2 protein chains.
Amino acid sequence: MDERAALALLEGELEPVGDDAAVVDGLVVTTDMLHERTDFPAGTTRYTAGWRSVAASLSDVAAMGADATAAVAAYAAPEFVEEELLAFVRGATDVCELVDAEYVGGDLDGHDEFTVATTAIGHTDDPVPRSGARPGDRVCVTGTLGRSGAALRYFDRAADGDQAALERANALFQFEPRVAAGSALAPHASAMMDSSDGLARSLHQLGEASGCGFAVDADPIPIDDAVRAVTDTDDEALEVGTTFGEDFELVVTIPDAELEAAREATDVPLSVIGSVVDAEEGITLDGTRLEDRGYTHGEGT
Amino acid sequence: MDERAALALLEGELEPVGDDAAVVDGLVVTTDMLHERTDFPAGTTRYTAGWRSVAASLSDVAAMGADATAAVAAYAAPEFVEEELLAFVRGATDVCELVDAEYVGGDLDGHDEFTVATTAIGHTDDPVPRSGARPGDRVCVTGTLGRSGAALRYFDRAADGDQAALERANALFQFEPRVAAGSALAPHASAMMDSSDGLARSLHQLGEASGCGFAVDADPIPIDDAVRAVTDTDDEALEVGTTFGEDFELVVTIPDAELEAAREATDVPLSVIGSVVDAEEGITLDGTRLEDRGYTHGEGT
């Protein structure tokens with residue numbers, strides 16, 4: 001079984017089905033495990049690793065429309081180097097502060113490969129599921145897409161000793177979890193998830209959960225400038241922006257009547273990229289079927 | 001740095017200092033990572049692994065005197081086998097049900113070595129720290145000690161094909177987290193932690209946090225019958241019972257005036273094994289210095 005098949009299997013066993021985080025009596029819980037080989041390219045600083053691994057879990061809290069309360073991390077490595085550990089903790093602490101959560105430490109563990117397991121905890125009395133999108137709703141994306149895809153190109157350049165590329169790559173990897181935007185959009189949203197598997201896959205997952213299709217236009221998709229800087233053509237930039245994933249923006253459906261209120265609720269740019277349609281119409285980009293391609297965690301792109 | 005030095009380093013950076021779990025506004029959070037090579041001996045079923053890994057985190061919640069709310073696990077393995085995954089989830093679910101917590105799933109991840117990261121969440125308005133023990137208090141232990149040490153001997157026997165030993169080992173590895181006992185004892189306790197690093201190391205950690213010593217008697221230490229069954233002498237049994245660790249009983253200090261009320265508060269056997277003394281008197285077993293030996297997680301015994 002691959003990871004998606006295994007997750008589908010577990011969905012038969014466990015509640016809740018397929019949302020970004022579990023919700024128990026208003027308590028929102030989500031956990032992730034990241035590994036050096038698959039998730040932290042050579043050149044990723046421990047500060048970036050601390051930031052990014054905790055941020056990935058905070059993004060799942062955001063995707064439920066919840067406030068973030070706290071995060072923990074279990075840090076496993078072949079050896080414990082003081083400087084690395086402190087940098088990791090500072091990265092984790094800084095991203096928690098950014099979203100008003102508390103980083104409360106965690107566990108340390110000897111292990112062959114640098115591995116991090118993070119858990120974020122939040123709270124909401126009114127979680128936004130993946131299953132609420134209805135035909136006619138608009139589909140929107142926060143921020144910009146493709147930063148992580150661009151970061152990987154910079155990490156590649158950094159491998160040849162380009163120090164500026166290394167700094168750029170790490171900066172792009174330190175993303176802001178959309179916790180404030182998520183809770184601000186929640187009262188207006190019909191469905192929400194994060195784009196950690198890429199926009200294309202996110203739309204397929206929302207479509208499956210809500211029983212709907214999407215008609216998306218390429219033009220308003222907010223491709224990050226960093227992507228344009230490392231790609232040669234618009235088509236290549238669009239490909240990175242829609243399928244690379246690991247971006248942790250919110251993909252959210254909003255009834256037309258709520259759109260203005262939603263825009264006013266948050267300072268984060270909200271791009272309307274298309275509309276929810278009937279399931280029979282499928283998921284299309286500029287009228288052409290958008291394939292279910294993207295990032296499967298732990299298996300690379 | 002070894003793990004304890006690294007933890008000490010982090011304690012300078014992070015609150016809270018050295019308790020079994022972090023507490024943020026009454027929310028109790030704790031996380032652990034376990035690996036096949038160091039934590040799951042050959043013969044450990046995935047049901048046992050699910051049970052035990054989640055139980056280890058629930059035990060940390062119990063050690064704060066908190067109720068357990070929920071648990072999650074990130075499951076990483078080289079491949080996802082349906083039977084193994086379902087067994088893992090059933091073990092995790094069963095131990096959560098045992099302590100009135102909800103198992104809410106988690107993350108799946110491809111990884112060379114079977115690795116599990118668990119997080120348990122609880123709640124208490126009045127956490128019991130490690131730092132409250134005062135000279136004159138009695139030091140007590142719940143349940144019995146040495147079950148995991150005995151389990152390892154059975155796993156060794158099972159390696160030669162002994163099916164009964166394999167079942168016995170797995171049963172011993174499925175321990176009951178002392179959540180109910182922990183919250184029942186909390187109002188009467190001055191300090192508490194779990195015995196996951198062994199009784200000897202737990203006493204040293206309590207002593208360090210509280211600034212006290214302990215005078216412990218060997219005779220009342222509740223060595224599990226399973227230990228006696230796999231050891232040849234009383235001394236060997238005592239050694240396994242006091243230093244092996246991975247037992248997840250509660251080590252708790254209770255003022256003399258509270259002792260009867262504490263006993264009545266829980267059905268779990270509570271053994272008084274000695275008294276809290278001044279720090280200058282050190283930590284002694286039958287009048288002889290008890291060394292700080294035990295299990296350091298991730299590094300084996």
# chains A, B, ... in the order shown; residues from 1 in each chain; ligands from 1
call {"tool": "calpha_fit_and_write", "arguments": {"fixed": "chain A", "moving": "chain B", "output": "compact mmCIF listing (two decimals) with C-alpha atoms, in the first residue's frame"}}
result
# COMPACT_ATOMS: atom_id res chain seq x y z
CA MET B 1 -0.10 -0.03 -0.01
CA ASP B 2 1.07 3.50 -0.61
CA GLU B 3 0.44 6.24 1.93
CA ARG B 4 -2.84 7.41 0.45
CA ALA B 5 -4.25 3.88 0.31
CA ALA B 6 -3.18 3.33 3.90
CA LEU B 7 -4.82 6.58 4.97
CA ALA B 8 -8.01 5.57 3.16
CA LEU B 9 -7.90 2.28 5.03
CA LEU B 10 -7.55 4.04 8.36
CA GLU B 11 -10.41 6.35 7.49
CA GLY B 12 -12.68 3.34 7.68
CA GLU B 13 -11.46 2.76 11.22
CA LEU B 14 -11.18 6.19 12.66
CA GLU B 15 -13.09 9.40 13.00
CA PRO B 16 -12.85 12.06 11.72
CA VAL B 17 -12.63 11.28 8.04
CA GLY B 18 -9.94 13.03 6.08
CA ASP B 19 -9.77 16.49 7.60
CA ASP B 20 -6.45 18.23 8.22
CA ALA B 21 -6.77 17.70 11.96
CA ALA B 22 -8.90 15.79 14.41
CA VAL B 23 -11.38 17.62 16.58
CA VAL B 24 -12.47 16.34 20.01
CA ASP B 25 -14.83 18.59 21.95
CA GLY B 26 -13.37 21.70 20.37
CA LEU B 27 -9.78 20.53 20.87
CA VAL B 28 -7.95 20.38 17.54
CA VAL B 29 -5.01 17.96 17.27
CA THR B 30 -2.70 17.14 14.39
CA THR B 31 0.65 15.40 14.09
CA ASP B 32 3.30 15.04 11.38
CA MET B 33 6.63 13.32 11.03
CA LEU B 34 9.40 14.72 8.84
CA HIS B 35 12.68 13.11 7.82
CA GLU B 36 15.97 14.53 6.66
CA ARG B 37 16.09 12.60 3.38
CA THR B 38 12.56 13.38 2.23
CA ASP B 39 11.74 16.69 3.88
CA PHE B 40 14.89 18.63 4.67
CA PRO B 41 17.11 19.17 1.61
CA ALA B 42 20.85 19.51 2.17
CA GLY B 43 21.40 23.06 3.37
CA THR B 44 18.27 23.26 5.50
CA THR B 45 19.39 24.86 8.75
CA ARG B 46 18.18 23.45 12.04
CA TYR B 47 16.49 26.81 12.65
CA THR B 48 14.54 26.33 9.42
CA ALA B 49 13.82 22.70 10.29
CA GLY B 50 12.41 23.71 13.68
CA TRP B 51 10.34 26.46 12.16
CA ARG B 52 9.07 24.42 9.23
CA SER B 53 8.22 21.19 11.00
CA VAL B 54 6.20 22.95 13.69
CA ALA B 55 4.67 25.27 11.09
CA ALA B 56 3.44 22.28 9.05
CA SER B 57 1.35 21.13 12.01
CA LEU B 58 0.19 24.65 12.79
CA SER B 59 -0.99 24.88 9.19
CA ASP B 60 -3.26 21.89 9.77
CA VAL B 61 -4.73 23.65 12.79
CA ALA B 62 -5.24 26.74 10.61
CA ALA B 63 -7.01 24.63 7.98
CA MET B 64 -9.70 23.74 10.52
CA GLY B 65 -10.35 27.43 11.16
CA ALA B 66 -9.01 27.03 14.69
CA ASP B 67 -6.86 29.13 16.97
CA ALA B 68 -3.46 27.60 17.73
CA THR B 69 -2.73 26.90 21.37
CA ALA B 70 0.51 24.95 21.61
CA ALA B 71 2.99 22.81 19.74
CA VAL B 72 5.51 20.12 20.70
CA ALA B 73 8.25 18.40 18.76
CA ALA B 74 10.12 15.14 19.18
CA TYR B 75 13.66 15.59 17.85
CA ALA B 76 15.61 12.51 16.82
CA ALA B 77 19.15 12.65 15.51
CA PRO B 78 22.33 10.58 15.47
CA GLU B 79 23.92 13.06 17.86
CA PHE B 80 22.83 16.07 19.85
CA VAL B 81 24.84 19.15 18.95
CA GLU B 82 24.18 22.09 21.26
CA GLU B 83 24.14 24.68 18.49
CA GLU B 84 21.80 22.62 16.32
CA LEU B 85 19.38 21.89 19.15
CA LEU B 86 19.18 25.50 20.23
CA ALA B 87 18.66 26.64 16.64
CA PHE B 88 15.88 24.10 16.19
CA VAL B 89 14.14 25.25 19.36
CA ARG B 90 14.47 28.90 18.35
CA GLY B 91 12.90 28.20 14.96
CA ALA B 92 10.07 26.28 16.57
CA THR B 93 9.56 28.99 19.18
CA ASP B 94 9.64 31.82 16.66
CA VAL B 95 6.96 30.35 14.41
CA CYS B 96 4.77 29.59 17.43
CA GLU B 97 5.07 33.19 18.58
CA LEU B 98 4.08 34.33 15.10
CA VAL B 99 0.71 32.59 15.45
CA ASP B 100 0.17 33.23 19.19
CA ALA B 101 0.83 29.62 20.15
CA GLU B 102 3.20 28.36 22.80
CA TYR B 103 6.09 26.04 21.94
CA VAL B 104 6.31 23.70 24.88
CA GLY B 105 9.30 21.55 23.97
CA GLY B 106 9.16 17.85 23.51
CA ASP B 107 11.26 14.72 23.38
CA LEU B 108 14.84 13.94 22.36
CA ASP B 109 15.84 10.67 20.89
CA GLY B 110 18.85 9.00 19.34
CA HIS B 111 18.17 7.91 15.75
CA ASP B 112 20.14 7.24 12.56
CA GLU B 113 18.36 9.84 10.48
CA PHE B 114 17.43 13.34 11.61
CA THR B 115 13.69 12.99 12.15
CA VAL B 116 11.16 15.36 13.65
CA ALA B 117 7.64 14.60 14.82
CA THR B 118 5.51 17.61 15.60
CA THR B 119 2.08 17.98 17.10
CA ALA B 120 0.05 21.15 17.15
CA ILE B 121 -3.00 21.75 19.26
CA GLY B 122 -5.69 24.31 18.71
CA HIS B 123 -9.22 25.17 19.60
CA THR B 124 -12.41 25.91 17.72
CA ASP B 125 -16.06 25.47 18.49
CA ASP B 126 -16.89 25.50 14.80
CA PRO B 127 -14.36 23.58 12.69
CA VAL B 128 -14.43 24.01 8.93
CA PRO B 129 -14.49 20.57 7.26
CA ARG B 130 -13.38 19.61 3.78
CA SER B 131 -16.86 18.41 3.01
CA GLY B 132 -18.93 21.60 2.86
CA ALA B 133 -18.20 22.96 -0.64
CA ARG B 134 -21.36 23.49 -2.74
CA PRO B 135 -21.75 24.31 -6.45
CA GLY B 136 -21.74 28.06 -6.91
CA ASP B 137 -19.26 28.69 -4.08
CA ARG B 138 -16.07 30.47 -5.08
CA VAL B 139 -12.77 28.67 -4.54
CA CYS B 140 -10.00 30.85 -3.14
CA VAL B 141 -6.35 30.58 -2.14
CA THR B 142 -4.52 32.61 0.49
CA GLY B 143 -1.09 34.12 -0.15
CA THR B 144 1.01 32.73 -2.97
CA LEU B 145 1.86 29.26 -4.24
CA GLY B 146 5.13 27.64 -5.20
CA ARG B 147 7.51 29.00 -2.55
CA SER B 148 8.67 25.54 -1.51
CA GLY B 149 9.11 24.47 -5.11
CA ALA B 150 11.25 27.55 -5.68
CA ALA B 151 13.13 26.87 -2.45
CA LEU B 152 14.18 23.45 -3.74
CA ARG B 153 15.70 25.03 -6.83
CA TYR B 154 17.65 27.39 -4.59
CA PHE B 155 18.79 24.47 -2.43
CA ASP B 156 20.06 22.82 -5.62
CA ARG B 157 22.02 25.93 -6.53
CA ALA B 158 23.34 26.16 -2.98
CA ALA B 159 24.84 22.69 -3.34
CA ASP B 160 27.43 24.30 -5.62
CA GLY B 161 28.44 26.72 -2.87
CA ASP B 162 26.11 29.62 -3.66
CA GLN B 163 25.66 31.18 -0.21
CA ALA B 164 22.98 33.65 -1.29
CA ALA B 165 20.93 30.80 -2.77
CA LEU B 166 21.23 28.96 0.53
CA GLU B 167 19.88 31.91 2.49
CA ARG B 168 17.09 32.43 -0.01
CA ALA B 169 16.14 28.75 0.15
CA ASN B 170 15.98 28.75 3.93
CA ALA B 171 13.94 31.96 3.98
CA LEU B 172 11.44 30.51 1.50
CA PHE B 173 11.18 27.37 3.61
CA GLN B 174 10.18 29.43 6.68
CA PHE B 175 6.53 29.98 5.86
CA GLU B 176 3.88 31.70 7.96
CA PRO B 177 1.14 29.29 8.99
CA ARG B 178 -2.23 30.81 8.10
CA VAL B 179 -3.69 30.53 11.57
CA ALA B 180 -5.03 34.08 11.78
CA ALA B 181 -6.41 33.92 8.25
CA GLY B 182 -7.95 30.51 8.88
CA SER B 183 -9.89 31.58 11.93
CA ALA B 184 -10.88 34.86 10.26
CA LEU B 185 -12.14 33.07 7.15
CA ALA B 186 -13.83 30.24 9.05
CA PRO B 187 -17.20 31.94 9.64
CA HIS B 188 -17.46 32.61 5.90
CA ALA B 189 -16.05 29.34 4.54
CA SER B 190 -17.97 26.26 3.42
CA ALA B 191 -14.87 24.04 3.16
CA MET B 192 -11.17 24.49 3.86
CA MET B 193 -7.87 22.63 3.83
CA ASP B 194 -4.23 23.52 3.42
CA SER B 195 -2.31 23.17 0.19
CA SER B 196 0.42 20.97 1.63
CA ASP B 197 -0.01 18.40 -1.15
CA GLY B 198 -0.23 21.05 -3.86
CA LEU B 199 -3.21 22.94 -5.27
CA ALA B 200 -4.17 20.21 -7.74
CA ARG B 201 -4.26 17.45 -5.14
CA SER B 202 -5.99 19.75 -2.63
CA LEU B 203 -8.79 20.40 -5.13
CA HIS B 204 -9.17 16.66 -5.71
CA GLN B 205 -9.32 16.02 -1.98
CA LEU B 206 -11.86 18.80 -1.42
CA GLY B 207 -13.85 17.52 -4.39
CA GLU B 208 -13.89 14.00 -3.01
CA ALA B 209 -14.89 15.12 0.49
CA SER B 210 -17.57 17.54 -0.71
CA GLY B 211 -18.80 15.54 -3.71
CA CYS B 212 -18.17 18.38 -6.11
CA GLY B 213 -16.02 19.52 -9.00
CA PHE B 214 -14.05 22.72 -9.57
CA ALA B 215 -13.67 25.02 -12.56
CA VAL B 216 -10.42 26.87 -11.96
CA ASP B 217 -8.75 29.56 -14.09
CA ALA B 218 -4.99 29.63 -14.43
CA ASP B 219 -4.73 33.40 -14.65
CA PRO B 220 -5.70 34.33 -11.06
CA ILE B 221 -3.67 31.51 -9.45
CA PRO B 222 -1.25 33.47 -7.22
CA ILE B 223 2.14 32.13 -8.30
CA ASP B 224 4.90 33.43 -6.02
CA ASP B 225 7.49 35.73 -7.57
CA ALA B 226 10.16 33.35 -6.33
CA VAL B 227 8.79 30.71 -8.70
CA ARG B 228 8.95 33.07 -11.66
CA ALA B 229 12.54 33.84 -10.73
CA VAL B 230 13.61 30.21 -11.01
CA THR B 231 11.49 29.07 -13.96
CA ASP B 232 11.78 29.90 -17.66
CA THR B 233 8.17 29.89 -18.84
CA ASP B 234 4.71 30.68 -17.51
CA ASP B 235 3.73 27.05 -18.02
CA GLU B 236 6.63 25.84 -15.90
CA ALA B 237 5.79 28.37 -13.19
CA LEU B 238 2.16 27.27 -13.24
CA GLU B 239 3.22 23.64 -12.98
CA VAL B 240 5.37 24.34 -9.90
CA GLY B 241 2.66 26.52 -8.39
CA THR B 242 -0.15 24.01 -8.81
CA THR B 243 1.48 20.64 -8.24
CA PHE B 244 4.61 21.00 -6.13
CA GLY B 245 2.85 21.49 -2.86
CA GLU B 246 4.42 21.92 0.59
CA ASP B 247 3.10 25.47 0.44
CA PHE B 248 0.75 25.49 3.37
CA GLU B 249 -1.60 28.10 2.02
CA LEU B 250 -5.32 27.69 2.61
CA VAL B 251 -7.59 26.44 -0.15
CA VAL B 252 -11.04 27.59 0.84
CA THR B 253 -14.51 27.61 -0.67
CA ILE B 254 -16.72 30.57 0.11
CA PRO B 255 -20.35 31.16 -0.87
CA ASP B 256 -20.62 34.15 -3.20
CA ALA B 257 -22.64 36.16 -0.67
CA GLU B 258 -19.85 35.80 1.89
CA LEU B 259 -16.95 36.71 -0.37
CA GLU B 260 -16.72 40.40 0.47
CA ALA B 261 -17.01 39.76 4.20
CA ALA B 262 -14.32 37.09 3.90
CA ARG B 263 -11.97 39.50 2.12
CA GLU B 264 -12.49 42.10 4.78
CA ALA B 265 -11.92 39.61 7.58
CA THR B 266 -8.22 39.08 6.83
CA ASP B 267 -5.20 41.06 5.70
CA VAL B 268 -3.79 38.03 3.89
CA PRO B 269 -4.33 38.27 0.11
CA LEU B 270 -7.22 36.06 -0.99
CA SER B 271 -7.29 35.09 -4.67
CA VAL B 272 -10.52 33.83 -6.20
CA ILE B 273 -9.30 31.20 -8.65
CA GLY B 274 -12.60 29.66 -9.77
CA SER B 275 -15.88 28.13 -8.73
CA VAL B 276 -17.29 24.98 -7.25
CA VAL B 277 -19.24 22.99 -9.88
CA ASP B 278 -21.14 19.71 -9.98
CA ALA B 279 -19.07 16.58 -9.47
CA GLU B 280 -19.89 15.42 -13.02
CA GLU B 281 -18.08 18.41 -14.44
CA GLY B 282 -14.86 17.24 -12.81
CA ILE B 283 -11.91 19.37 -11.83
CA THR B 284 -10.65 21.59 -14.63
CA LEU B 285 -7.99 24.22 -15.17
CA ASP B 286 -8.91 26.60 -18.02
CA GLY B 287 -11.44 24.01 -19.17
CA THR B 288 -8.94 21.12 -19.29
CA ARG B 289 -9.01 18.29 -16.78
CA LEU B 290 -6.61 18.97 -13.89
CA GLU B 291 -4.93 15.70 -12.95
CA ASP B 292 -4.60 14.55 -9.36
CA ARG B 293 -0.87 15.06 -9.21
CA GLY B 294 1.14 16.41 -6.35
CA TYR B 295 3.20 15.80 -3.35
CA THR B 296 2.64 12.64 -1.36
CA HIS B 297 4.27 13.14 2.02
CA GLY B 298 7.16 10.86 2.76
CA GLU B 299 7.53 9.82 -0.85
CA GLY B 300 8.89 13.01 -2.36
CA THR B 301 7.34 14.78 -5.33
call {"tool": "select_by_dssp", "arguments": {"residues": "range 110-178 of chain A", "states": "strand (DSSP E or B)", "output": "ChimeraX atom specification"}}
result
/A:110,115-123,138-142,145
call {"tool": "select_by_dssp", "arguments": {"residues": "range 63-158 of chain B", "states": "alpha helix (DSSP H)", "output": "MDAnalysis selection string"}}
result
chainID B and resid 63 82:98 147:158
